[in-house]
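Novice: Let me give you the structure first, and then I'll get to my questions.
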Amino acid sequence: MEITKLQNEVDEWIKTVGVRYFNELTNMAMLTEEVGEVARIIARRYGEQSEKESDKSKDLGEELADVLFVTLCLANQTGTDLQRAFDKKMKMKTERDKERHQNNQKLK
């Protein structure tokens, strides 16, 4: 699914179910909160922190989807074409990093 389609789907959901977008600052705070929830799962499940019993039922995919949803909201609110921005970023990263990572001995 293209990012543009996801942006449109979120916009339609906001208009029909969500009533309206939260303001940009509220969504930025929500994005930070959601990223924190992802970090907690990663640190405890894959890192060195002990995983609490209450954390074991947390769904990483669901938390990543929350991050994506709020990111799409912010893109919609600010008039950002996320598909165009993503395509541009991938092109830039490919051109910049095409040899850098291949020659990185730490990745061998």
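In the structure tokens, chains take letters A, B, ... by order of appearance, with residues numbered from 1 within each chain and ligands from 1 in the order shown.
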Near A:Leu82, counting only C-alpha atoms, which residues have an atom at most 12 Å away, once you skip same-chain residues fewer than 2 positions from it, shown as a list in words?

Specialist: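 Here the qualifying residues turn out to be Glu2, Ile3, Thr4, Lys5, Leu6, Gln7, Asn8, Leu68, Thr71, Leu72, Cys73, Leu74, Ala75, Asn76, Gln77, Thr78, Gly79, Thr80, Arg84, Ala85, Phe86, Asp87, Lys88, Lys89 and Met90 of chain A.
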
Novice: Could the residues in this selection be saved with N, CA and C atoms as a PDB file, in the first residue's frame?

Specialist:
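So again_33.pdb came out as:
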```
ATOM      1  N   GLU A   2       0.580   2.148  -0.862  1.00  0.00           N
ATOM      2  CA  GLU A   2       1.350   3.384  -0.917  1.00  0.00           C
ATOM      3  C   GLU A   2       1.057   4.258   0.294  1.00  0.00           C
ATOM      4  N   ILE A   3       2.031   5.067   0.648  1.00  0.00           N
ATOM      5  CA  ILE A   3       1.880   5.970   1.783  1.00  0.00           C
ATOM      6  C   ILE A   3       0.738   6.948   1.543  1.00  0.00           C
ATOM      7  N   THR A   4       0.586   7.394   0.312  1.00  0.00           N
ATOM      8  CA  THR A   4      -0.505   8.323  -0.018  1.00  0.00           C
ATOM      9  C   THR A   4      -1.858   7.713   0.333  1.00  0.00           C
ATOM     10  N   LYS A   5      -2.013   6.430   0.037  1.00  0.00           N
ATOM     11  CA  LYS A   5      -3.269   5.755   0.355  1.00  0.00           C
ATOM     12  C   LYS A   5      -3.477   5.699   1.875  1.00  0.00           C
ATOM     13  N   LEU A   6      -2.402   5.445   2.605  1.00  0.00           N
ATOM     14  CA  LEU A   6      -2.486   5.433   4.064  1.00  0.00           C
ATOM     15  C   LEU A   6      -2.862   6.812   4.601  1.00  0.00           C
ATOM     16  N   GLN A   7      -2.253   7.850   4.038  1.00  0.00           N
ATOM     17  CA  GLN A   7      -2.595   9.206   4.469  1.00  0.00           C
ATOM     18  C   GLN A   7      -4.076   9.491   4.234  1.00  0.00           C
ATOM     19  N   ASN A   8      -4.581   9.078   3.078  1.00  0.00           N
ATOM     20  CA  ASN A   8      -5.997   9.289   2.772  1.00  0.00           C
ATOM     21  C   ASN A   8      -6.899   8.487   3.699  1.00  0.00           C
ATOM     22  N   LEU A  68       3.021   5.032  13.395  1.00  0.00           N
ATOM     23  CA  LEU A  68       2.698   5.322  11.996  1.00  0.00           C
ATOM     24  C   LEU A  68       1.434   6.164  11.887  1.00  0.00           C
ATOM     25  N   THR A  71       2.127   9.700  12.924  1.00  0.00           N
ATOM     26  CA  THR A  71       2.982  10.303  11.896  1.00  0.00           C
ATOM     27  C   THR A  71       2.153  10.707  10.682  1.00  0.00           C
ATOM     28  N   LEU A  72       1.243   9.838  10.271  1.00  0.00           N
ATOM     29  CA  LEU A  72       0.370  10.153   9.137  1.00  0.00           C
ATOM     30  C   LEU A  72      -0.543  11.333   9.465  1.00  0.00           C
ATOM     31  N   CYS A  73      -1.028  11.400  10.691  1.00  0.00           N
ATOM     32  CA  CYS A  73      -1.844  12.554  11.109  1.00  0.00           C
ATOM     33  C   CYS A  73      -1.036  13.841  10.970  1.00  0.00           C
ATOM     34  N   LEU A  74       0.182  13.843  11.487  1.00  0.00           N
ATOM     35  CA  LEU A  74       1.018  15.047  11.413  1.00  0.00           C
ATOM     36  C   LEU A  74       1.314  15.430   9.966  1.00  0.00           C
ATOM     37  N   ALA A  75       1.558  14.439   9.122  1.00  0.00           N
ATOM     38  CA  ALA A  75       1.799  14.722   7.706  1.00  0.00           C
ATOM     39  C   ALA A  75       0.564  15.362   7.088  1.00  0.00           C
ATOM     40  N   ASN A  76      -0.604  14.816   7.371  1.00  0.00           N
ATOM     41  CA  ASN A  76      -1.843  15.382   6.827  1.00  0.00           C
ATOM     42  C   ASN A  76      -2.058  16.809   7.312  1.00  0.00           C
ATOM     43  N   GLN A  77      -1.852  17.036   8.598  1.00  0.00           N
ATOM     44  CA  GLN A  77      -2.094  18.357   9.172  1.00  0.00           C
ATOM     45  C   GLN A  77      -1.172  19.426   8.611  1.00  0.00           C
ATOM     46  N   THR A  78       0.032  19.034   8.275  1.00  0.00           N
ATOM     47  CA  THR A  78       1.030  20.009   7.828  1.00  0.00           C
ATOM     48  C   THR A  78       1.157  20.072   6.313  1.00  0.00           C
ATOM     49  N   GLY A  79       0.291  19.333   5.615  1.00  0.00           N
ATOM     50  CA  GLY A  79       0.322  19.368   4.152  1.00  0.00           C
ATOM     51  C   GLY A  79       1.545  18.676   3.567  1.00  0.00           C
ATOM     52  N   THR A  80       2.080  17.707   4.289  1.00  0.00           N
ATOM     53  CA  THR A  80       3.270  16.992   3.836  1.00  0.00           C
ATOM     54  C   THR A  80       2.875  15.774   3.015  1.00  0.00           C
ATOM     55  N   ARG A  84       6.046  11.392  -1.375  1.00  0.00           N
ATOM     56  CA  ARG A  84       7.083  12.140  -2.101  1.00  0.00           C
ATOM     57  C   ARG A  84       8.325  12.315  -1.224  1.00  0.00           C
ATOM     58  N   ALA A  85       8.114  12.653   0.056  1.00  0.00           N
ATOM     59  CA  ALA A  85       9.235  12.845   0.974  1.00  0.00           C
ATOM     60  C   ALA A  85      10.008  11.544   1.181  1.00  0.00           C
ATOM     61  N   PHE A  86       9.273  10.434   1.318  1.00  0.00           N
ATOM     62  CA  PHE A  86       9.922   9.131   1.511  1.00  0.00           C
ATOM     63  C   PHE A  86      10.715   8.736   0.270  1.00  0.00           C
ATOM     64  N   ASP A  87      10.121   8.898  -0.896  1.00  0.00           N
ATOM     65  CA  ASP A  87      10.822   8.551  -2.139  1.00  0.00           C
ATOM     66  C   ASP A  87      12.096   9.376  -2.285  1.00  0.00           C
ATOM     67  N   LYS A  88      12.011  10.661  -1.975  1.00  0.00           N
ATOM     68  CA  LYS A  88      13.171  11.556  -2.045  1.00  0.00           C
ATOM     69  C   LYS A  88      14.239  11.098  -1.049  1.00  0.00           C
ATOM     70  N   LYS A  89      13.827  10.749   0.152  1.00  0.00           N
ATOM     71  CA  LYS A  89      14.779  10.309   1.179  1.00  0.00           C
ATOM     72  C   LYS A  89      15.461   9.012   0.776  1.00  0.00           C
ATOM     73  N   MET A  90      14.709   8.061   0.214  1.00  0.00           N
ATOM     74  CA  MET A  90      15.299   6.790  -0.206  1.00  0.00           C
ATOM     75  C   MET A  90      16.312   6.995  -1.326  1.00  0.00           C
TER      76      MET A  90
END
```

Novice: Using only C-alpha atoms, determine which residues lie at most 12 Å from A:Met30, disregarding the query and same-chain residues fewer than 3 positions distant; provide the list as a list of chain:residue names.

Specialist: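 Close residues of A:Met30: A:Phe22, A:Asn23, A:Glu24, A:Leu25, A:Thr26, A:Asn27, A:Glu33, A:Glu34, A:Val35, A:Gly36, A:Glu37, A:Glu63, A:Asp66, A:Val67, A:Leu68, A:Phe69, A:Val70, A:Thr71, A:Cys73, A:Leu74.
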
Novice: So the first atom is atom CA of A:Asp11 and the second is atom CA of A:Asp59; what is the distance between them in Å, to one decimal place?

Specialist: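 Separation between atom CA of A:Asp11 and atom CA of A:Asp59: 24.6 Å.
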
Novice: Excluding A:Ile42 and any residue of its chain fewer than 4 positions from it, enumerate the residues within 12 Å of it, using only C-alpha atoms, and give them as a PyMOL selection string.

Specialist: chain A and resi 35-38+46-51+55-56+58-61+63-64

Novice: Only N, CA and C atoms, please: the residues just picked out, written as an mmCIF file, in the first residue's frame.

Specialist:
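Saved the output as selection07.cif:
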```
data_model
loop_
_atom_site.group_PDB
_atom_site.id
_atom_site.type_symbol
_atom_site.label_atom_id
_atom_site.label_comp_id
_atom_site.auth_asym_id
_atom_site.auth_seq_id
_atom_site.Cartn_x
_atom_site.Cartn_y
_atom_site.Cartn_z
ATOM 1 N N VAL A 35 6.379 6.523 20.609
ATOM 2 C CA VAL A 35 7.762 6.088 20.381
ATOM 3 C C VAL A 35 8.345 5.547 21.687
ATOM 4 N N GLY A 36 7.987 6.178 22.798
ATOM 5 C CA GLY A 36 8.433 5.690 24.095
ATOM 6 C C GLY A 36 7.930 4.286 24.382
ATOM 7 N N GLU A 37 6.694 3.996 23.993
ATOM 8 C CA GLU A 37 6.147 2.656 24.189
ATOM 9 C C GLU A 37 6.892 1.627 23.337
ATOM 10 N N VAL A 38 7.253 2.006 22.127
ATOM 11 C CA VAL A 38 8.064 1.125 21.271
ATOM 12 C C VAL A 38 9.429 0.904 21.921
ATOM 13 N N TYR A 46 14.319 -7.085 23.685
ATOM 14 C CA TYR A 46 15.506 -7.363 22.886
ATOM 15 C C TYR A 46 16.783 -6.820 23.509
ATOM 16 N N GLY A 47 16.632 -5.905 24.461
ATOM 17 C CA GLY A 47 17.788 -5.316 25.130
ATOM 18 C C GLY A 47 18.092 -6.028 26.432
ATOM 19 N N GLU A 48 18.808 -5.351 27.288
ATOM 20 C CA GLU A 48 19.289 -5.956 28.516
ATOM 21 C C GLU A 48 18.373 -5.748 29.709
ATOM 22 N N GLN A 49 17.365 -4.897 29.578
ATOM 23 C CA GLN A 49 16.444 -4.695 30.691
ATOM 24 C C GLN A 49 15.566 -5.925 30.876
ATOM 25 N N SER A 50 15.185 -6.173 32.127
ATOM 26 C CA SER A 50 14.264 -7.269 32.411
ATOM 27 C C SER A 50 12.871 -6.879 31.943
ATOM 28 N N GLU A 51 12.184 -7.838 31.356
ATOM 29 C CA GLU A 51 10.822 -7.583 30.896
ATOM 30 C C GLU A 51 9.853 -7.912 32.016
ATOM 31 N N ASP A 55 4.534 -6.403 30.697
ATOM 32 C CA ASP A 55 5.004 -5.977 29.370
ATOM 33 C C ASP A 55 4.994 -7.115 28.357
ATOM 34 N N LYS A 56 4.944 -8.343 28.824
ATOM 35 C CA LYS A 56 5.067 -9.492 27.932
ATOM 36 C C LYS A 56 3.906 -9.622 26.952
ATOM 37 N N LYS A 58 2.467 -7.012 25.541
ATOM 38 C CA LYS A 58 2.464 -5.854 24.638
ATOM 39 C C LYS A 58 2.823 -6.299 23.224
ATOM 40 N N ASP A 59 2.116 -5.754 22.258
ATOM 41 C CA ASP A 59 2.300 -6.104 20.853
ATOM 42 C C ASP A 59 3.135 -5.024 20.173
ATOM 43 N N LEU A 60 4.360 -5.364 19.803
ATOM 44 C CA LEU A 60 5.257 -4.404 19.162
ATOM 45 C C LEU A 60 4.647 -3.856 17.876
ATOM 46 N N GLY A 61 4.031 -4.716 17.085
ATOM 47 C CA GLY A 61 3.411 -4.278 15.837
ATOM 48 C C GLY A 61 2.333 -3.241 16.068
ATOM 49 N N GLU A 63 2.142 -1.177 18.591
ATOM 50 C CA GLU A 63 2.772 0.080 19.008
ATOM 51 C C GLU A 63 3.426 0.788 17.826
ATOM 52 N N LEU A 64 4.051 0.032 16.937
ATOM 53 C CA LEU A 64 4.625 0.642 15.727
ATOM 54 C C LEU A 64 3.520 1.232 14.849
#
```

Novice: Just list the residues in stretch 3-108 of chain A DSSP gives alpha helix (DSSP H) on the backbone, as a PyMOL selection string.

Specialist: chain A and resi 3-16+24-45+60-77+82-97

Novice: Please measure the separation of atom CA of A:Trp13 and atom CA of A:Ala29, giving the value in Å to one decimal.

Specialist: 20.3 Å
